[in-house]
$ cat target.txt   # compact mmCIF, C-alpha atoms
# COMPACT_ATOMS: atom_id res chain seq x y z
CA MET C 1 26.91 187.45 -28.69
CA ASP C 2 28.64 190.75 -28.03
CA ASN C 3 27.28 191.44 -24.54
CA ASN C 4 30.02 189.59 -22.63
CA LEU C 5 31.76 191.62 -19.94
CA THR C 6 35.12 189.85 -20.29
CA ASP C 7 37.39 188.59 -23.07
CA ARG C 8 40.22 186.08 -23.51
CA SER C 9 42.89 188.56 -22.46
CA PHE C 10 41.00 189.22 -19.21
CA TRP C 11 40.89 185.52 -18.34
CA LYS C 12 44.50 184.90 -19.32
CA ALA C 13 45.66 187.71 -17.03
CA PHE C 14 43.21 186.65 -14.33
CA TRP C 15 44.37 183.04 -14.11
CA GLU C 16 48.07 183.75 -14.55
CA SER C 17 47.94 186.20 -11.64
CA ARG C 18 46.09 183.90 -9.24
CA LEU C 19 47.89 182.25 -6.33
CA GLY C 20 46.89 179.01 -4.66
CA LEU C 21 45.29 177.45 -7.73
CA ILE C 22 46.82 174.03 -7.14
CA PHE C 23 45.47 172.13 -4.14
CA SER C 24 43.98 168.80 -3.14
CA ILE C 25 40.22 169.03 -3.61
CA LYS C 26 38.46 167.62 -0.56
CA ARG C 27 35.28 165.54 -0.48
CA ASP C 28 33.42 168.42 1.24
CA TYR C 29 34.31 170.93 -1.51
CA ILE C 30 31.53 173.49 -1.92
CA PHE C 31 28.52 172.21 -3.93
CA GLY C 32 30.03 168.71 -3.89
CA ASP C 33 27.21 167.43 -1.69
CA ILE C 34 24.59 168.52 -4.24
CA LEU C 35 26.51 167.03 -7.17
CA GLY C 36 27.08 163.75 -5.34
CA LYS C 37 23.37 163.46 -4.54
CA LEU C 38 22.44 164.14 -8.16
CA LYS C 39 24.78 161.39 -9.28
CA ALA C 40 23.46 158.95 -6.69
CA ASP C 41 19.77 159.72 -7.27
CA LYS C 42 19.86 159.79 -11.06
CA GLY C 43 22.65 157.33 -11.80
CA TYR C 44 24.43 159.88 -13.97
CA GLN C 45 27.75 158.87 -15.55
CA THR C 46 28.88 161.87 -17.62
CA ALA C 47 29.36 165.56 -16.88
CA ILE C 48 30.81 168.64 -18.56
CA GLU C 49 31.96 171.78 -16.76
CA LEU C 50 31.52 174.85 -18.95
CA GLY C 51 33.78 177.87 -18.50
CA GLY C 52 35.34 176.02 -15.63
CA PHE C 53 39.11 176.35 -16.01
CA PRO C 54 41.11 174.97 -14.20
CA GLY C 55 38.42 172.32 -13.77
CA TYR C 56 37.86 171.89 -10.05
CA TYR C 57 34.43 170.31 -10.49
CA ALA C 58 35.35 168.13 -13.46
CA ILE C 59 38.21 166.84 -11.29
CA TYR C 60 35.98 166.54 -8.21
CA LEU C 61 33.45 164.35 -10.03
CA LYS C 62 36.21 162.20 -11.54
CA LYS C 63 38.04 161.85 -8.23
CA TYR C 64 35.11 161.14 -5.91
CA GLU C 65 32.27 159.93 -8.17
CA ASN C 66 34.33 158.22 -10.90
CA MET C 67 32.33 160.01 -13.57
CA ASP C 68 33.43 160.53 -17.16
CA THR C 69 34.10 164.27 -17.07
CA THR C 70 35.00 167.01 -19.55
CA LEU C 71 36.26 170.55 -19.02
CA PHE C 72 35.23 173.17 -21.59
CA ASP C 73 36.64 176.69 -21.61
CA TYR C 74 37.59 179.55 -23.89
CA PHE C 75 41.00 179.68 -22.20
CA ILE C 76 42.98 176.57 -21.26
CA HIS C 77 46.41 176.44 -19.63
CA GLN C 78 47.28 172.76 -19.92
CA GLY C 79 50.26 173.00 -17.59
CA LEU C 80 48.10 174.24 -14.69
CA ILE C 81 45.50 171.55 -15.36
CA ASN C 82 48.16 168.83 -15.32
CA GLU C 83 49.47 170.15 -12.00
CA LEU C 84 45.98 170.11 -10.53
CA LEU C 85 45.29 166.60 -11.81
CA LYS C 86 48.54 165.30 -10.31
CA LYS C 87 47.82 166.98 -6.97
CA ASN C 88 44.52 165.10 -6.89
CA GLY C 89 45.92 161.69 -7.75
CA LEU C 90 44.85 161.82 -11.38
CA LYS C 91 46.80 161.92 -14.62
CA ASP C 92 46.75 163.77 -17.93
CA GLY C 93 43.76 162.49 -19.89
CA ASP C 94 41.60 161.54 -16.91
CA VAL C 95 39.54 164.67 -17.62
CA LYS C 96 38.81 165.47 -21.26
CA ILE C 97 39.59 169.01 -22.39
CA ILE C 98 37.81 171.17 -24.97
CA GLU C 99 39.17 174.66 -25.69
CA ALA C 100 36.61 176.55 -27.78
CA ASP C 101 34.13 179.42 -27.94
CA LEU C 102 30.87 178.47 -26.23
CA PHE C 103 28.86 180.56 -28.68
CA THR C 104 30.11 178.90 -31.86
CA TYR C 105 31.01 175.36 -30.74
CA GLN C 106 28.75 172.52 -31.86
CA PRO C 107 28.97 169.68 -29.29
CA ALA C 108 29.66 166.22 -30.67
CA GLU C 109 28.06 164.56 -27.65
CA GLN C 110 25.68 165.29 -24.82
CA TYR C 111 26.08 164.79 -21.08
CA ASP C 112 24.01 163.76 -18.07
CA MET C 113 25.09 166.85 -16.14
CA VAL C 114 25.98 170.24 -17.58
CA LEU C 115 27.65 172.45 -14.99
CA SER C 116 28.85 176.01 -14.77
CA PHE C 117 30.20 177.89 -11.78
CA GLY C 118 30.62 181.65 -11.94
CA LEU C 119 30.10 181.86 -15.70
CA ILE C 120 26.70 183.26 -16.62
CA GLU C 121 27.06 186.49 -14.62
CA HIS C 122 29.76 187.69 -17.02
CA PHE C 123 27.16 188.15 -19.79
CA LYS C 124 24.33 190.66 -20.05
CA ASP C 125 21.80 188.41 -21.83
CA THR C 126 21.08 185.89 -19.08
CA LYS C 127 18.61 183.76 -21.00
CA ALA C 128 20.95 183.53 -23.99
CA ILE C 129 23.96 182.42 -21.94
CA ILE C 130 21.87 179.78 -20.16
CA ALA C 131 20.65 178.63 -23.59
CA THR C 132 24.23 177.91 -24.68
CA HIS C 133 24.35 175.17 -22.02
CA LEU C 134 21.42 173.21 -23.41
CA PRO C 135 22.95 171.68 -26.60
CA PHE C 136 25.36 169.84 -24.27
CA LEU C 137 22.56 168.38 -22.12
CA LYS C 138 20.95 164.98 -22.64
CA THR C 139 17.22 164.51 -22.36
CA GLY C 140 16.68 163.55 -18.72
CA GLY C 141 19.86 165.34 -17.72
CA THR C 142 20.34 168.10 -15.17
CA LEU C 143 21.58 171.64 -15.68
CA PHE C 144 23.43 172.92 -12.61
CA ILE C 145 24.53 176.55 -12.45
CA THR C 146 25.99 178.60 -9.62
CA LEU C 147 26.90 182.27 -9.50
CA PRO C 148 27.93 184.74 -6.82
CA ASN C 149 25.29 186.82 -5.06
CA PHE C 150 26.59 190.37 -5.32
CA LYS C 151 23.26 191.83 -4.16
CA SER C 152 24.53 190.99 -0.69
CA ILE C 153 27.03 192.32 1.83
CA ASN C 154 29.66 190.47 -0.19
CA GLY C 155 28.62 192.50 -3.25
CA TRP C 156 29.00 195.73 -1.30
CA ILE C 157 32.54 194.64 -0.39
CA GLN C 158 33.32 193.95 -4.05
CA ARG C 159 31.98 197.33 -5.14
CA LYS C 160 33.82 199.18 -2.37
CA PHE C 161 37.23 197.48 -2.58
CA ASP C 162 37.40 195.91 -6.06
CA LEU C 163 35.24 197.92 -8.42
CA GLU C 164 37.07 196.67 -11.51
CA ASN C 165 36.14 193.08 -10.69
CA TYR C 166 32.61 194.06 -9.64
CA ASN C 167 32.06 195.72 -13.01
CA LYS C 168 32.90 192.46 -14.80
CA HIS C 169 29.66 191.03 -13.38
CA TYR C 170 26.08 191.55 -14.56
CA ILE C 171 24.48 192.23 -11.19
CA GLU C 172 20.91 192.25 -12.52
CA CYS C 173 21.04 188.50 -13.21
CA MET C 174 21.69 187.70 -9.54
CA ASP C 175 18.01 187.09 -8.85
CA PRO C 176 16.69 183.55 -8.22
CA ALA C 177 13.24 184.40 -9.60
CA LEU C 178 14.68 185.82 -12.83
CA LEU C 179 16.98 182.83 -13.27
CA ALA C 180 14.13 180.37 -12.71
CA ASP C 181 11.98 182.23 -15.24
CA CYS C 182 14.77 182.07 -17.85
CA CYS C 183 15.02 178.30 -17.38
CA LYS C 184 11.26 177.83 -17.71
CA GLN C 185 11.18 179.96 -20.87
CA LEU C 186 13.84 177.65 -22.31
CA GLY C 187 11.59 174.64 -21.70
CA LEU C 188 13.40 173.24 -18.67
CA THR C 189 11.42 171.56 -15.89
CA GLU C 190 11.79 170.82 -12.17
CA VAL C 191 13.44 174.22 -11.86
CA GLU C 192 14.97 175.19 -8.52
CA SER C 193 16.68 178.53 -7.93
CA TYR C 194 17.78 179.66 -4.49
CA TYR C 195 20.35 181.41 -2.33
CA TYR C 196 23.09 179.10 -1.09
CA GLY C 197 25.44 179.37 1.86
CA LYS C 198 25.01 180.99 5.26
CA PHE C 199 27.59 183.77 4.91
CA SER C 200 30.92 184.44 3.26
CA MET C 201 32.83 187.18 1.47
CA TRP C 202 36.03 187.43 -0.50
CA LEU C 203 38.28 189.76 -2.46
CA GLU C 204 39.98 188.65 -5.67
CA ASN C 205 42.63 191.36 -5.19
CA LYS C 206 43.18 190.82 -1.46
CA GLY C 207 46.97 190.94 -1.82
CA THR C 208 46.90 194.51 -3.10
CA GLN C 209 44.63 195.88 -0.37
CA SER C 210 45.85 198.06 2.49
CA ALA C 211 46.19 196.67 6.01
CA LEU C 212 43.24 198.83 7.08
CA ALA C 213 41.03 197.47 4.31
CA LYS C 214 41.98 193.89 5.13
CA ALA C 215 41.22 194.48 8.81
CA PHE C 216 37.83 196.00 7.97
CA VAL C 217 36.86 193.09 5.71
CA LYS C 218 38.04 190.57 8.29
CA GLY C 219 35.99 192.28 10.99
CA LEU C 220 32.89 192.33 8.78
CA TRP C 221 33.44 188.67 7.91
CA PHE C 222 33.61 187.78 11.62
CA ALA C 223 30.45 189.77 12.39
CA GLY C 224 28.60 188.00 9.58
CA LYS C 225 29.67 184.61 10.88
CA VAL C 226 28.35 185.51 14.35
CA ILE C 227 25.01 186.60 12.89
CA THR C 228 24.59 183.40 10.91
CA LYS C 229 25.34 181.34 14.01
CA ILE C 230 22.31 182.98 15.59
CA ALA C 231 20.15 182.90 12.47
CA PRO C 232 21.53 180.08 10.27
CA PHE C 233 19.53 180.41 7.05
CA GLU C 234 20.16 181.43 3.47
CA SER C 235 19.21 184.98 2.53
CA LYS C 236 19.65 187.65 -0.13
CA ALA C 237 21.61 189.85 2.28
CA LEU C 238 24.12 187.27 3.51
CA SER C 239 24.32 184.22 1.24
CA PRO C 240 27.38 184.30 -1.03
CA TYR C 241 25.93 182.21 -3.89
CA ILE C 242 22.87 181.46 -5.97
CA VAL C 243 22.22 177.90 -7.20
CA VAL C 244 20.07 176.93 -10.20
CA LYS C 245 19.01 173.36 -10.98
CA ALA C 246 16.75 172.25 -13.83
CA MET C 247 16.01 169.20 -15.97
CA LYS C 248 15.72 168.76 -19.72
CA ASN C 249 12.77 166.61 -20.81
$ encode --input "target.txt" --output "structure tokens"
Amino acid sequence: MDNNLTDRSFWKAFWESRLGLIFSIKRDYIFGDILGKLKADKGYQTAIELGGFPGYYAIYLKKYENMDTTLFDYFIHQGLINELLKKNGLKDGDVKIIEADLFTYQPAEQYDMVLSFGLIEHFKDTKAIIATHLPFLKTGGTLFITLPNFKSINGWIQRKFDLENYNKHYIECMDPALLADCCKQLGLTEVESYYYGKFSMWLENKGTQSALAKAFVKGLWFAGKVITKIAPFESKALSPYIVVKAMKN
């Protein structure tokens, strides 16, 4: 597939420039409640996080759900992963690592849960990138995908203050109905696709922004929080994420 909006050099530079990567992952980490319920309801034991470096969710499920987890990514920095494992009371080897190209790799095993967070929106063929998840998924297993909602106020912030990052995302795929339709076309069942989160916004390049820009974004963030206190529901305009869940039968 040649429709990806990023490459290995992009991700290497991206991760090596990020601050605050190493931290103790808390039980209430975002989406953790959904993953924990899936594990409890279905009795799942194995999970793989695709495109998930440095592996926050693979580590989360190992740390809190004692699942057998694997991290798969095109770019792996083992030193950073080891630091993150240690910070979370785990050791090298507690999470399996696969460094490979998702489009050519042939999985040797399948998993109860196949997860990706902020992956599929970096490719222009949405159905095709979702399809790459399915060879990893057991029959009876659950596909769980999240992506940012840049058709929101948060997306306007990205476009206004970080156009380079915004352009690395395929905005057209940020549509719950489209995502659900892709899953159904691929033969998945019990498909759920919805906006997630009351309100949030962020900037990947916050450290390089002017004081005025930071103040503006902070003010907008505060206003959004006030609005969602009054009207606390998920929406296209305010929710920062989209969640997709589906089963393989």
$ atom_distance --input "target.txt" --atom1 "CA of Gly197 in chain C" --atom2 "CA of Phe222 in chain C"
15.3 Å
$ atom_distance --input "target.txt" --atom1 "CA of Ala131 in chain C" --atom2 "CA of Leu186 in chain C"
7.0 Å
$ closest_residue --input "target.txt" --among "C:Glu49, C:Asp101, C:Glu234, C:Asp7" --to "Ser116 in chain C" --atoms "all atoms listed in the file"
C:Glu49
$ atom_distance --input "target.txt" --atom1 "CA of Ser9 in chain C" --atom2 "CA of Phe75 in chain C"
9.1 Å
$ residues_near_point --input "target.txt" --point "(27.9, 187.5, -17.7)" --cutoff "12 Å" --atoms "only C-alpha atoms" --output "VMD selection string"
chain C and resid 1 to 7 51 116 to 130 147 to 148 166 to 174
$ closest_residue --input "target.txt" --among "C:Ile48, C:Leu203, C:Ile34, C:Leu137" --to "Lys96 in chain C" --atoms "all atoms listed in the file"
C:Ile48
$ residues_around --input "target.txt" --residues "Gln106 in chain C" --least-positions-apart "6" --cutoff "12 Å" --atoms "all atoms listed in the file" --output "list in words"
Ile98, Ala100, Thr132, His133, Leu134, Pro135 and Phe136 of chain C
